[in-house]
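These notes are about the structure you will find just below.
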Amino acid sequence: MINLKDLTYGELEKFLGSVGEKPYRAGQIYSWLHSGVESFDEMTNISKDLRVRLEEVSFISKPEVLDKLISKDKTIKILWKLADGETIESVVMEYKHGNSICISTQVGCKMGCKFCASTIGGKIRDLSAGEMLDEVIFAQKVTGRKISNIVLMGIGEPLDNYDNVIKFLSNVGNPKGINIGYRHISLSTCGIVPNIDRLAEEGYPITLSISLHAGDDETRTGIMPVNKKYKIDELINACKRYIEKTGRRISFEYALIAGVNDSEEAAGKLYRLLKGMLCHINLIPVNSVKESTLKRGSEKSIYKFKSMLEKRGLNVTVRRELGSDISASCGQLRRKNQLGEGGECE
């Protein structure tokens with residue numbers, strides 16, 4: 001049995017041909033799938049015979065809502081239960097320019113970043129393209145909000161699930177489906193260098209975000225094990241190739257950790273690393289995770305670091321914090337659910 005939402009439009013045409021149906025039916029079925037139908041019976045403009053045949057060889061995925069939390073700032077966090085019982089999270093955020101959703105790309109994560117709740121317990125499996133698409137489709141149904149922007153920054157490392165993520169991008173931007181413009185999509189990676197180069201060749205004008213968090217190898221390796229394989233110089237060179245190939249500005253994410261990467265020296269290292277690049281630095285006050293000893297600094301220290309970078313001529317913002325009262329950072333709600341009754345995730 002195949003999940004039809006895992007197929008690209010071209011793959012759906014071929015699949016229909018394999019069951020003896022004309023390829024033009026793909027347009028009708030594709031639109032139904034992206035509208036959020038939950039059964040073939042809802043596809044009222046295709047014959048009952050075809051609906052029966054489709055149900056015999058395929059299915060339409062639908063995640064179950066295990067929990068939904070609404071923040072005082074209107075951020076909504078959803079804990080989804082997938083068909084195999086595994087859980088993932090999505091976060092819907094309200095901005096003046098529209099509604100954004102932060103989606104997960106894997107069940108768990110193997111990258112081991114010290115400041116992230118998503119990686120606790122490791123990676124269970126990749127999400128399929130259809131499961132990622134479901135996060136967008138059903139978040140709209142559950143919240144009643146039209147999604148206009150997508151951020152692949154939830155649970156998991158998108159470039160560790162490369163093929164499924166690329167197929168998701170193909171589907172979510174298709175005019176016959178949800179049709180969200182690629183310039184409204186951001187993908188965040190901890191820095192899997194070969195796949196940054198592959199992504200540059202795909203031609204999608206998305207925004208690439210790099211989880212950097214340090215300007216030197218020693219500090220970065222201490223908080224991000226991926227740096228043992230792909231050193232900072234190698235990562236930055238891949239970013240420069242990406243900019244040259246796509247002409248797109250890169251966003252560097254920098255989680256400020258008290259006493260680790262928030263000093264004047266750290267600011268100098270970051271400046272020397274990024275000066276002259278077409279980039280933006282997004283400072284993120286690190287979230288407290290129960291299993292981690294890393295702590296966030298004071299508001300004063302955060303804006304002091306911002307000032308240090310700006311004085312050196314770098315383009316910097318401090319990320320607006322949304323949903324802090326509902327554990328909106330990636331992995332926290334899933335972790336709380338895993339701990340069971342009486343457990344807590346700070």
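Letters for chains follow the order of the structure tokens (A, B, ...), residue numbers begin at 1 for each chain, and ligand numbers begin at 1 in the order shown.
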
>> DSSP on the backbone, strand (DSSP E or B) only: what residues of stretch 96-231 of chain A does that give? Format it as JSON, numbers by chain.
In response: {"A": [98, 99, 100, 101, 102, 103, 106, 107, 108, 123, 124, 125, 126, 147, 148, 149, 150, 151, 152, 185, 186, 187, 188, 189, 207, 208, 209, 210, 211]}

Write the selection just made, keeping N, CA and C atoms, as a PDB file, in the first residue's frame?
ATOM      1  N   GLY A  98       1.667  37.108   7.811  1.00  0.00           N
ATOM      2  CA  GLY A  98       0.954  35.858   7.577  1.00  0.00           C
ATOM      3  C   GLY A  98       1.305  34.810   8.612  1.00  0.00           C
ATOM      4  N   ASN A  99       0.758  33.620   8.439  1.00  0.00           N
ATOM      5  CA  ASN A  99       0.987  32.522   9.374  1.00  0.00           C
ATOM      6  C   ASN A  99       2.116  31.620   8.885  1.00  0.00           C
ATOM      7  N   SER A 100       3.027  31.308   9.797  1.00  0.00           N
ATOM      8  CA  SER A 100       4.145  30.416   9.495  1.00  0.00           C
ATOM      9  C   SER A 100       3.981  29.112  10.257  1.00  0.00           C
ATOM     10  N   ILE A 101       4.448  28.033   9.657  1.00  0.00           N
ATOM     11  CA  ILE A 101       4.486  26.759  10.364  1.00  0.00           C
ATOM     12  C   ILE A 101       5.912  26.235  10.387  1.00  0.00           C
ATOM     13  N   CYS A 102       6.330  25.790  11.553  1.00  0.00           N
ATOM     14  CA  CYS A 102       7.615  25.117  11.711  1.00  0.00           C
ATOM     15  C   CYS A 102       7.330  23.623  11.738  1.00  0.00           C
ATOM     16  N   ILE A 103       7.855  22.884  10.777  1.00  0.00           N
ATOM     17  CA  ILE A 103       7.545  21.455  10.681  1.00  0.00           C
ATOM     18  C   ILE A 103       8.748  20.583  11.032  1.00  0.00           C
ATOM     19  N   GLN A 106      11.948  14.585  10.766  1.00  0.00           N
ATOM     20  CA  GLN A 106      12.292  13.242  11.227  1.00  0.00           C
ATOM     21  C   GLN A 106      11.601  12.986  12.561  1.00  0.00           C
ATOM     22  N   VAL A 107      11.492  11.719  12.910  1.00  0.00           N
ATOM     23  CA  VAL A 107      11.063  11.352  14.262  1.00  0.00           C
ATOM     24  C   VAL A 107      12.335  11.232  15.090  1.00  0.00           C
ATOM     25  N   GLY A 108      12.574  12.231  15.947  1.00  0.00           N
ATOM     26  CA  GLY A 108      13.835  12.288  16.675  1.00  0.00           C
ATOM     27  C   GLY A 108      14.941  12.835  15.784  1.00  0.00           C
ATOM     28  N   LYS A 123      17.552   9.415  16.816  1.00  0.00           N
ATOM     29  CA  LYS A 123      16.642   9.368  15.669  1.00  0.00           C
ATOM     30  C   LYS A 123      15.929   8.021  15.611  1.00  0.00           C
ATOM     31  N   ILE A 124      14.608   8.069  15.409  1.00  0.00           N
ATOM     32  CA  ILE A 124      13.829   6.846  15.238  1.00  0.00           C
ATOM     33  C   ILE A 124      13.711   6.500  13.752  1.00  0.00           C
ATOM     34  N   ARG A 125      13.285   7.480  12.974  1.00  0.00           N
ATOM     35  CA  ARG A 125      13.164   7.259  11.521  1.00  0.00           C
ATOM     36  C   ARG A 125      12.964   8.595  10.807  1.00  0.00           C
ATOM     37  N   ASP A 126      13.070   8.545   9.480  1.00  0.00           N
ATOM     38  CA  ASP A 126      12.769   9.703   8.651  1.00  0.00           C
ATOM     39  C   ASP A 126      11.264   9.849   8.483  1.00  0.00           C
ATOM     40  N   ILE A 147      -1.841  28.827   6.036  1.00  0.00           N
ATOM     41  CA  ILE A 147      -0.387  28.866   6.153  1.00  0.00           C
ATOM     42  C   ILE A 147       0.204  29.510   4.899  1.00  0.00           C
ATOM     43  N   SER A 148       1.072  30.498   5.108  1.00  0.00           N
ATOM     44  CA  SER A 148       1.709  31.157   3.970  1.00  0.00           C
ATOM     45  C   SER A 148       3.230  31.009   3.963  1.00  0.00           C
ATOM     46  N   ASN A 149       3.787  30.546   5.088  1.00  0.00           N
ATOM     47  CA  ASN A 149       5.242  30.391   5.197  1.00  0.00           C
ATOM     48  C   ASN A 149       5.569  29.081   5.897  1.00  0.00           C
ATOM     49  N   ILE A 150       6.638  28.438   5.450  1.00  0.00           N
ATOM     50  CA  ILE A 150       7.053  27.158   6.039  1.00  0.00           C
ATOM     51  C   ILE A 150       8.510  27.238   6.459  1.00  0.00           C
ATOM     52  N   VAL A 151       8.778  26.718   7.654  1.00  0.00           N
ATOM     53  CA  VAL A 151      10.139  26.627   8.156  1.00  0.00           C
ATOM     54  C   VAL A 151      10.428  25.168   8.484  1.00  0.00           C
ATOM     55  N   LEU A 152      11.431  24.585   7.839  1.00  0.00           N
ATOM     56  CA  LEU A 152      11.847  23.213   8.157  1.00  0.00           C
ATOM     57  C   LEU A 152      12.910  23.317   9.241  1.00  0.00           C
ATOM     58  N   ILE A 185       9.725  29.759   2.016  1.00  0.00           N
ATOM     59  CA  ILE A 185      10.142  28.522   2.689  1.00  0.00           C
ATOM     60  C   ILE A 185      11.593  28.647   3.133  1.00  0.00           C
ATOM     61  N   SER A 186      11.852  28.276   4.394  1.00  0.00           N
ATOM     62  CA  SER A 186      13.218  28.261   4.939  1.00  0.00           C
ATOM     63  C   SER A 186      13.572  26.849   5.385  1.00  0.00           C
ATOM     64  N   LEU A 187      14.809  26.477   5.144  1.00  0.00           N
ATOM     65  CA  LEU A 187      15.310  25.166   5.571  1.00  0.00           C
ATOM     66  C   LEU A 187      16.526  25.376   6.461  1.00  0.00           C
ATOM     67  N   SER A 188      16.504  24.761   7.627  1.00  0.00           N
ATOM     68  CA  SER A 188      17.596  24.913   8.582  1.00  0.00           C
ATOM     69  C   SER A 188      18.400  23.620   8.690  1.00  0.00           C
ATOM     70  N   THR A 189      19.720  23.742   8.618  1.00  0.00           N
ATOM     71  CA  THR A 189      20.593  22.575   8.741  1.00  0.00           C
ATOM     72  C   THR A 189      21.731  22.854   9.709  1.00  0.00           C
ATOM     73  N   THR A 207      15.122  29.915   1.443  1.00  0.00           N
ATOM     74  CA  THR A 207      16.135  30.516   2.317  1.00  0.00           C
ATOM     75  C   THR A 207      16.846  29.400   3.083  1.00  0.00           C
ATOM     76  N   LEU A 208      18.160  29.366   2.986  1.00  0.00           N
ATOM     77  CA  LEU A 208      18.951  28.382   3.725  1.00  0.00           C
ATOM     78  C   LEU A 208      19.409  28.996   5.037  1.00  0.00           C
ATOM     79  N   SER A 209      19.110  28.301   6.131  1.00  0.00           N
ATOM     80  CA  SER A 209      19.560  28.730   7.456  1.00  0.00           C
ATOM     81  C   SER A 209      20.578  27.725   7.975  1.00  0.00           C
ATOM     82  N   ILE A 210      21.673  28.237   8.488  1.00  0.00           N
ATOM     83  CA  ILE A 210      22.745  27.388   9.011  1.00  0.00           C
ATOM     84  C   ILE A 210      22.805  27.537  10.527  1.00  0.00           C
ATOM     85  N   SER A 211      22.660  26.416  11.238  1.00  0.00           N
ATOM     86  CA  SER A 211      22.825  26.427  12.692  1.00  0.00           C
ATOM     87  C   SER A 211      24.325  26.456  12.985  1.00  0.00           C
TER      88      SER A 211
END

>> I'd like the contact shell of stretch 240-243 of chain A - 7 Å cut-off, only C-alpha atoms, skipping same-chain residues fewer than 5 positions apart - returned as a list in words.
In response: Asp197, Ala200, Arg248 and Arg249 of chain A

Contacts between stretch 159-170 of chain A and stretch 198-269 of chain A, please, where a residue of stretch 198-269 of chain A counts if it comes within 10 Å (with only C-alpha atoms); show its shortest atom pair and distance in Å to one decimal, rows by chain and ascending number, as JSON lines.
{"residue": "A:Arg198", "atom": "CA", "partner": "A:Tyr162", "partner_atom": "CA", "distance": 9.2}
{"residue": "A:Leu199", "atom": "CA", "partner": "A:Ile166", "partner_atom": "CA", "distance": 8.5}
{"residue": "A:Glu202", "atom": "CA", "partner": "A:Ile166", "partner_atom": "CA", "distance": 8.4}
{"residue": "A:Tyr204", "atom": "CA", "partner": "A:Leu169", "partner_atom": "CA", "distance": 8.2}
{"residue": "A:Ile206", "atom": "CA", "partner": "A:Leu169", "partner_atom": "CA", "distance": 9.5}

>> Report as a VMD selection string all protein, DNA and RNA residues lying within 12 Å of stretch 6-8 of chain A, evaluated on only C-alpha atoms, omitting residues in the same chain fewer than 5 positions from it.
In response: chain A and resid 1 13 to 16 26 to 27 29 to 30 33 to 34 58 to 61 127 to 134 163 to 174 176 to 177

>> Just want the 12 Å neighbourhood of A:Glu310, counted on only C-alpha atoms, with same-chain residues fewer than 5 positions away dropped. Output as a VMD selection string.
In response: chain A and resid 267 to 268 270 to 271 275 280 to 281 283 303 to 305 315 to 318

Can you spit out the residues from that selection as a CSV table (one decimal), in the first residue's frame, using N, CA and C atoms?
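Saved to part_28.csv:
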chain,number,residue,atom,x,y,z
A,267,ALA,N,32.4,37.1,19.7
A,267,ALA,CA,31.9,38.1,18.7
A,267,ALA,C,33.0,38.3,17.6
A,268,GLY,N,34.2,38.5,18.0
A,268,GLY,CA,35.3,38.7,17.1
A,268,GLY,C,35.5,37.6,16.2
A,270,LEU,N,33.3,35.3,15.3
A,270,LEU,CA,32.2,35.3,14.4
A,270,LEU,C,32.3,36.3,13.2
A,271,TYR,N,32.7,37.5,13.6
A,271,TYR,CA,32.9,38.5,12.6
A,271,TYR,C,34.0,38.1,11.6
A,275,LYS,N,32.6,38.0,7.8
A,275,LYS,CA,32.7,39.3,7.1
A,275,LYS,C,32.8,39.2,5.6
A,280,HIS,N,22.9,37.0,7.0
A,280,HIS,CA,22.2,37.6,8.2
A,280,HIS,C,22.5,36.7,9.4
A,281,ILE,N,22.6,37.3,10.5
A,281,ILE,CA,22.8,36.6,11.8
A,281,ILE,C,21.5,36.7,12.6
A,283,LEU,N,20.2,35.9,16.2
A,283,LEU,CA,20.6,35.5,17.5
A,283,LEU,C,19.4,34.9,18.2
A,303,TYR,N,21.6,41.5,24.2
A,303,TYR,CA,21.7,42.7,23.4
A,303,TYR,C,23.0,43.3,23.4
A,304,LYS,N,23.8,43.0,24.4
A,304,LYS,CA,25.2,43.4,24.4
A,304,LYS,C,26.0,42.7,23.3
A,305,PHE,N,25.7,41.4,23.1
A,305,PHE,CA,26.4,40.6,22.1
A,305,PHE,C,25.9,41.1,20.7
A,315,ASN,N,25.0,42.2,10.0
A,315,ASN,CA,23.6,42.4,10.0
A,315,ASN,C,23.0,41.4,11.0
A,316,VAL,N,22.4,41.9,12.0
A,316,VAL,CA,22.0,41.0,13.2
A,316,VAL,C,20.6,41.3,13.6
A,317,THR,N,19.8,40.3,14.0
A,317,THR,CA,18.6,40.5,14.7
A,317,THR,C,18.5,39.5,15.9
A,318,VAL,N,17.7,39.8,16.9
A,318,VAL,CA,17.4,38.8,17.9
A,318,VAL,C,16.0,38.2,17.6

> Expressed in Å to a single decimal, how great is the separation between atom CA of A:Lys5 and atom CA of A:Tyr182?
Replying inline: 19.0 Å

> Can you tell me, as a VMD selection string, what residues are no more than 10 Å from A:Val37 when counting only C-alpha atoms, ignoring any on the same chain fewer than 5 positions away?
Replying inline: chain A and resid 31 to 32 42 to 43 60 to 62 137 to 138

> Quick one: distance from atom CA of A:Val286 to atom CA of A:Glu135 in Å, one decimal?
Replying inline: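 Atom-to-atom, atom CA of A:Val286 and atom CA of A:Glu135 are spaced 25.3 Å apart.
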
> Which residues come within 10 Å of A:Val260, counting only C-alpha atoms, excluding same-chain residues fewer than 2 positions away, as a ChimeraX atom specification?
Replying inline: /A:213-214,219-220,222-223,256-258,262-263,266,294-297

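Of the listed residues A:Met224, A:Ile232, A:Ile46, A:Ala238, the one whose atoms come nearest to A:Lys269 is A:Ile232, with distances taken using only C-alpha atoms.
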
>> Please compute the atom CA of A:Cys239-atom CA of A:Met93 distance, one decimal, in Å.
In response: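 Straight-line distance from atom CA of A:Cys239 to atom CA of A:Met93 works out to 27.8 Å.
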
>> I'd like the neighbourhood of A:Lys141 as a PyMOL selection string, where a residue qualifies if any of its atoms comes within 10 Å (using only C-alpha atoms), though same-chain residues fewer than 5 positions away should be ignored.
In response: chain A and resi 35-36+136+146

Using the chain letters and numbers from this document, which residues of stretch 85-221 of chain A does DSSP assign to helix (DSSP H, G or I), as a compact mmCIF listing (two decimals) with N, CA and C atoms, in the first residue's frame?
# COMPACT_ATOMS: atom_id res chain seq x y z
N ALA A 117 16.23 19.68 22.56
CA ALA A 117 15.47 18.56 23.13
C ALA A 117 15.13 17.51 22.08
N SER A 118 15.16 17.89 20.80
CA SER A 118 14.77 16.96 19.73
C SER A 118 15.67 15.74 19.64
N THR A 119 16.94 15.92 20.02
CA THR A 119 17.93 14.86 19.81
C THR A 119 18.00 13.87 20.96
N ALA A 129 7.74 12.20 2.57
CA ALA A 129 7.30 13.48 1.99
C ALA A 129 5.85 13.76 2.33
N GLY A 130 5.03 12.72 2.31
CA GLY A 130 3.61 12.89 2.61
C GLY A 130 3.35 13.23 4.06
N GLU A 131 4.15 12.67 4.97
CA GLU A 131 3.98 12.99 6.39
C GLU A 131 4.34 14.45 6.68
N MET A 132 5.36 14.96 5.99
CA MET A 132 5.70 16.37 6.13
C MET A 132 4.58 17.24 5.56
N LEU A 133 4.06 16.85 4.42
CA LEU A 133 2.97 17.59 3.80
C LEU A 133 1.75 17.60 4.71
N ASP A 134 1.49 16.49 5.39
CA ASP A 134 0.36 16.41 6.32
C ASP A 134 0.46 17.44 7.44
N GLU A 135 1.68 17.73 7.89
CA GLU A 135 1.84 18.73 8.95
C GLU A 135 1.25 20.07 8.52
N VAL A 136 1.47 20.42 7.25
CA VAL A 136 0.98 21.69 6.73
C VAL A 136 -0.53 21.62 6.49
N ILE A 137 -0.96 20.56 5.80
CA ILE A 137 -2.37 20.41 5.44
C ILE A 137 -3.26 20.37 6.69
N PHE A 138 -2.90 19.52 7.64
CA PHE A 138 -3.78 19.33 8.79
C PHE A 138 -3.60 20.41 9.85
N ALA A 139 -2.46 21.08 9.87
CA ALA A 139 -2.33 22.24 10.76
C ALA A 139 -3.32 23.32 10.35
N GLN A 140 -3.51 23.49 9.03
CA GLN A 140 -4.50 24.46 8.54
C GLN A 140 -5.90 24.06 8.98
N LYS A 141 -6.20 22.75 8.90
CA LYS A 141 -7.53 22.28 9.29
C LYS A 141 -7.75 22.40 10.80
N VAL A 142 -6.72 22.05 11.56
CA VAL A 142 -6.85 22.05 13.03
C VAL A 142 -6.92 23.46 13.59
N THR A 143 -6.17 24.38 13.02
CA THR A 143 -6.09 25.74 13.56
C THR A 143 -7.05 26.72 12.88
N PRO A 158 16.84 18.26 8.38
CA PRO A 158 16.29 18.11 7.03
C PRO A 158 17.25 17.51 6.01
N LEU A 159 18.53 17.90 6.06
CA LEU A 159 19.47 17.40 5.06
C LEU A 159 19.98 15.99 5.37
N ASP A 160 19.54 15.43 6.50
CA ASP A 160 19.79 14.01 6.79
C ASP A 160 18.64 13.16 6.23
N TYR A 162 17.34 13.86 3.02
CA TYR A 162 17.42 14.71 1.83
C TYR A 162 16.36 14.39 0.78
N ASP A 163 16.28 13.14 0.35
CA ASP A 163 15.39 12.81 -0.77
C ASP A 163 13.93 13.10 -0.45
N ASN A 164 13.50 12.76 0.76
CA ASN A 164 12.11 13.02 1.13
C ASN A 164 11.83 14.51 1.27
N VAL A 165 12.81 15.27 1.76
CA VAL A 165 12.64 16.72 1.88
C VAL A 165 12.52 17.36 0.50
N ILE A 166 13.34 16.93 -0.46
CA ILE A 166 13.27 17.48 -1.81
C ILE A 166 11.92 17.15 -2.45
N LYS A 167 11.44 15.94 -2.21
CA LYS A 167 10.13 15.57 -2.75
C LYS A 167 9.02 16.41 -2.09
N PHE A 168 9.15 16.67 -0.80
CA PHE A 168 8.20 17.54 -0.11
C PHE A 168 8.21 18.94 -0.72
N LEU A 169 9.39 19.48 -0.98
CA LEU A 169 9.48 20.81 -1.59
C LEU A 169 8.81 20.83 -2.96
N SER A 170 9.02 19.78 -3.74
CA SER A 170 8.39 19.69 -5.05
C SER A 170 6.87 19.74 -4.92
N ASN A 171 6.33 19.06 -3.93
CA ASN A 171 4.88 18.99 -3.76
C ASN A 171 4.28 20.25 -3.17
N VAL A 172 4.92 20.79 -2.14
CA VAL A 172 4.31 21.92 -1.43
C VAL A 172 4.30 23.19 -2.27
N TYR A 182 8.32 29.29 -3.02
CA TYR A 182 9.59 28.85 -2.43
C TYR A 182 10.31 29.96 -1.67
N ARG A 183 10.06 31.20 -2.03
CA ARG A 183 10.68 32.30 -1.29
C ARG A 183 10.04 32.47 0.09
N HIS A 184 8.99 31.71 0.35
CA HIS A 184 8.33 31.72 1.66
C HIS A 184 8.68 30.46 2.46
N VAL A 193 27.59 19.20 4.80
CA VAL A 193 28.19 19.90 3.68
C VAL A 193 27.84 19.32 2.31
N PRO A 194 27.97 18.01 2.07
CA PRO A 194 27.67 17.50 0.72
C PRO A 194 26.24 17.81 0.28
N ASN A 195 25.32 17.80 1.23
CA ASN A 195 23.92 18.04 0.86
C ASN A 195 23.58 19.52 0.73
N ILE A 196 24.41 20.39 1.30
CA ILE A 196 24.28 21.82 1.02
C ILE A 196 24.61 22.06 -0.45
N ASP A 197 25.66 21.41 -0.92
CA ASP A 197 26.03 21.53 -2.33
C ASP A 197 24.95 20.94 -3.24
N ARG A 198 24.37 19.82 -2.84
CA ARG A 198 23.29 19.22 -3.64
C ARG A 198 22.08 20.14 -3.70
N LEU A 199 21.76 20.73 -2.56
CA LEU A 199 20.61 21.63 -2.48
C LEU A 199 20.78 22.84 -3.40
N ALA A 200 21.99 23.35 -3.48
CA ALA A 200 22.26 24.49 -4.35
C ALA A 200 21.95 24.16 -5.81
N GLU A 201 22.14 22.90 -6.20
CA GLU A 201 21.91 22.49 -7.58
C GLU A 201 20.42 22.24 -7.89
N GLU A 202 19.58 22.12 -6.85
CA GLU A 202 18.17 21.81 -7.06
C GLU A 202 17.41 22.97 -7.69
N ASP A 217 36.16 26.10 15.87
CA ASP A 217 35.92 24.65 15.89
C ASP A 217 35.81 24.08 17.31
N GLU A 218 36.66 24.54 18.21
CA GLU A 218 36.64 23.97 19.56
C GLU A 218 35.30 24.17 20.24
N THR A 219 34.79 25.40 20.19
CA THR A 219 33.51 25.69 20.83
C THR A 219 32.37 24.97 20.13
N ARG A 220 32.37 25.01 18.80
CA ARG A 220 31.27 24.40 18.06
C ARG A 220 31.24 22.88 18.23
N THR A 221 32.40 22.24 18.23
CA THR A 221 32.45 20.80 18.42
C THR A 221 31.91 20.41 19.80

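Nearest to A:Asp73 of all the residues A:Glu94, A:Asp233, A:Glu265, A:Glu244 is A:Glu94, based on only C-alpha atoms.
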
> Of the candidates A:Cys190, A:Val19, A:Leu66, A:Ile250, which one gets nearest to A:Cys113 if we count only C-alpha atoms?
Replying inline: A:Cys190
